[in-house]
Amino acid sequence: MNTLLRIAIQKSGRLQEGSLELLKESGLSISNGKDQLKTQARNFPVEVLFLRDDDIPQYVEDQVADIGIVGENVFAEKKKDNRLIKRLDFSKCRLSMAVPRGENYTGVQWLQGKNIATSYPNIVKGFLAKHNVEAGIHEISGSVEIAPGIGLADAICDIVSTGSTLLSNGLQEVEIVMQSEAVIIASPTLSPEKQKILDKLLFRIEAVKKAKN
Ligand code: ATP
Ligand code: ZN
């Protein structure tokens, strides 16, 4: 049986286009029919799995996928047994703390004793510990930016790209907690055959990057 490197990418969303483009520019011939779960490249020993981005670190840890493309924010939040192999320069955003615009935010200490709504509890925990601040963390999975307005939290920590969502919800960005971009993560143990395919793929990705610059 021929060895295939299984690559997990986002099924739909802000990482999907960049992920597919990267693989295609690297010379992989892959079809991306809307409802497929997986597809095999026609000219390279690779199988692509289409998944929700949040699930990818677990699939890689479980070795259902060998590598995956996720936001660095998701990699950092999930804390799975994954290696960060390469930063990819797309889907750039930041994870920031924001508070209602009327608040006189004076620094991280402002957060002491407050309640923070976020989808990234582990990253927020780490940030607070680093700054010796104790605050409550309220984990919600979506529409985090409405939490202060409905009285659910005093502050939020969420993904920001342009800041327009914050603005329309009456919030101001006060701390950048982390910068993020798409990254390749890999299982810590790959067979020599799979590692060889990965090395070949990484070589091609590097070549594409050089050609672009
Ligand atoms: P899924 O349905 O797969 O769970 P999702 O809704 O969690 O998708 P997306 O909104 O598609 O996720 O975002 C995926 C990743 O893209 C984020 O984790 C982040 O790394 C990055 N991202 C999010 N928002 C932006 C943005 N506005 N600009 C650039 N990159 C972003
Ligand atoms: Zn997601």
# chains A, B, ... in the order shown; residues from 1 in each chain; ligands from 1
>>> residues_around(residues="Leu152 (chain A)", least_positions_apart="6", cutoff="12 Å", atoms="only C-alpha atoms", output="PyMOL selection string")
chain A and resi 114-118+136-140+143-146
>>> write_last_selection(atoms="C-alpha atoms", output="compact mmCIF listing (two decimals), in the first residue's frame")
# COMPACT_ATOMS: atom_id res chain seq x y z
CA LYS A 114 -13.70 41.78 36.26
CA ASN A 115 -15.46 39.24 34.07
CA ILE A 116 -14.07 38.50 30.60
CA ALA A 117 -16.09 36.77 27.87
CA THR A 118 -14.06 34.80 25.34
CA GLY A 136 -13.38 35.70 35.89
CA ILE A 137 -13.48 33.99 32.50
CA HIS A 138 -16.83 33.40 30.86
CA GLU A 139 -16.44 31.00 27.95
CA ILE A 140 -18.82 31.53 25.04
CA SER A 143 -20.93 36.52 19.24
CA VAL A 144 -18.50 37.32 22.03
CA GLU A 145 -18.61 41.03 21.17
CA ILE A 146 -22.19 41.41 22.37
>>> closest_atom_pairs(of="chain A", to="ligand 1", cutoff="10 Å", atoms="only C-alpha atoms and all ligand atoms", output="tab-separated table")
residue	atom	partner	partner_atom_place_in_ligand_line	distance
A:Ile9	CA	ligand 1	3 (O)	8.9
A:Gln10	CA	ligand 1	3 (O)	5.4
A:Lys11	CA	ligand 1	3 (O)	6.2
A:Ser12	CA	ligand 1	3 (O)	5.9
A:Gly13	CA	ligand 1	11 (O)	3.3
A:Arg14	CA	ligand 1	11 (O)	3.7
A:Leu15	CA	ligand 1	16 (O)	5.1
A:Gln16	CA	ligand 1	11 (O)	7.6
A:Gly18	CA	ligand 1	16 (O)	10.0
A:Phe50	CA	ligand 1	3 (O)	9.3
A:Leu51	CA	ligand 1	3 (O)	6.7
A:Arg52	CA	ligand 1	3 (O)	3.6
A:Asp53	CA	ligand 1	3 (O)	4.1
A:Asp54	CA	ligand 1	4 (O)	5.4
A:Asp55	CA	ligand 1	4 (O)	7.8
A:Ile56	CA	ligand 1	3 (O)	9.1
A:Ile69	CA	ligand 1	15 (C)	9.8
A:Val70	CA	ligand 1	20 (O)	6.6
A:Gly71	CA	ligand 1	20 (O)	3.5
A:Glu72	CA	ligand 1	20 (O)	6.1
A:Asn73	CA	ligand 1	20 (O)	5.6
A:Val74	CA	ligand 1	18 (O)	5.6
A:Phe75	CA	ligand 1	18 (O)	8.9
A:Glu77	CA	ligand 1	18 (O)	9.9
A:Phe90	CA	ligand 1	30 (N)	7.5
A:Ser91	CA	ligand 1	30 (N)	3.7
A:Lys92	CA	ligand 1	29 (C)	4.7
A:Cys93	CA	ligand 1	29 (C)	4.8
A:Arg94	CA	ligand 1	31 (C)	8.0
A:Leu95	CA	ligand 1	19 (C)	8.8
A:Ser119	CA	ligand 1	7 (O)	9.6
A:Ser141	CA	ligand 1	7 (O)	8.7
A:Gly142	CA	ligand 1	6 (O)	8.2
A:Asp158	CA	ligand 1	24 (N)	9.2
A:Ile159	CA	ligand 1	24 (N)	5.8
A:Val160	CA	ligand 1	27 (N)	6.1
A:Ser161	CA	ligand 1	27 (N)	4.5
A:Thr162	CA	ligand 1	27 (N)	7.1
A:Gly163	CA	ligand 1	27 (N)	8.9
A:Ser164	CA	ligand 1	27 (N)	9.9
A:Thr165	CA	ligand 1	27 (N)	9.5
A:Gln179	CA	ligand 1	20 (O)	9.3
A:Ser180	CA	ligand 1	20 (O)	6.1
A:Glu181	CA	ligand 1	20 (O)	5.9
A:Ala182	CA	ligand 1	20 (O)	6.2
A:Val183	CA	ligand 1	20 (O)	9.0
>>> atom_distance(atom1="CA of Val46 (chain A)", atom2="CA of Asn213 (chain A)")
26.6 Å
>>> select_by_dssp(residues="region 18-140 of chain A", states="strand (DSSP E or B)", output="ChimeraX atom specification")
/A:38-40,46-51,67-71,83-87,93-100,115-118,136-139
>>> residues_around(residues="Gly107 (chain A)", least_positions_apart="5", cutoff="12 Å", atoms="only C-alpha atoms", output="list in words")
Met97, Ala98, Val99, Gln112, His131, Val133, Glu173, Val174, Glu175 and Ile176 of chain A
>>> residues_around(residues="region 202-212 of chain A", least_positions_apart="5", cutoff="8 Å", atoms="only C-alpha atoms", output="list in words")
Leu22, Glu25, Ser26 and Gly27 of chain A
>>> residues_around(residues="region 189-193 of chain A", least_positions_apart="4", cutoff="9 Å", atoms="only C-alpha atoms", output="mmCIF file with N, CA and C atoms, in the first residue's frame")
data_model
loop_
_atom_site.group_PDB
_atom_site.id
_atom_site.type_symbol
_atom_site.label_atom_id
_atom_site.label_comp_id
_atom_site.auth_asym_id
_atom_site.auth_seq_id
_atom_site.Cartn_x
_atom_site.Cartn_y
_atom_site.Cartn_z
ATOM 1 N N THR A 3 1.910 4.939 0.937
ATOM 2 C CA THR A 3 1.698 5.848 2.055
ATOM 3 C C THR A 3 1.183 7.194 1.569
ATOM 4 N N LEU A 4 0.150 7.699 2.256
ATOM 5 C CA LEU A 4 -0.372 9.044 1.970
ATOM 6 C C LEU A 4 -0.192 9.916 3.203
ATOM 7 N N LEU A 5 0.192 11.155 3.003
ATOM 8 C CA LEU A 5 0.221 12.123 4.098
ATOM 9 C C LEU A 5 -1.174 12.738 4.177
ATOM 10 N N GLN A 63 -3.736 11.373 15.481
ATOM 11 C CA GLN A 63 -3.137 10.840 14.261
ATOM 12 C C GLN A 63 -4.160 10.350 13.235
ATOM 13 N N ASP A 66 -2.207 13.703 9.740
ATOM 14 C CA ASP A 66 -0.782 13.792 10.061
ATOM 15 C C ASP A 66 -0.360 15.238 10.292
ATOM 16 N N ILE A 197 7.379 12.766 2.764
ATOM 17 C CA ILE A 197 6.364 13.476 1.960
ATOM 18 C C ILE A 197 6.209 14.899 2.495
ATOM 19 N N LEU A 198 6.196 15.029 3.827
ATOM 20 C CA LEU A 198 6.067 16.357 4.430
ATOM 21 C C LEU A 198 7.251 17.249 4.037
#
>>> atom_distance(atom1="CA of Gly68 (chain A)", atom2="CA of Lys130 (chain A)")
28.9 Å
>>> residues_around(residues="Arg42 (chain A)", least_positions_apart="6", cutoff="12 Å", atoms="only C-alpha atoms", output="list in words")
Leu4, Lys24, Gly27, Leu28, Ser29, Ile30, Ser31 and Val48 of chain A
>>> atom_distance(atom1="CA of Leu23 (chain A)", atom2="CA of Ser187 (chain A)")
18.8 Å
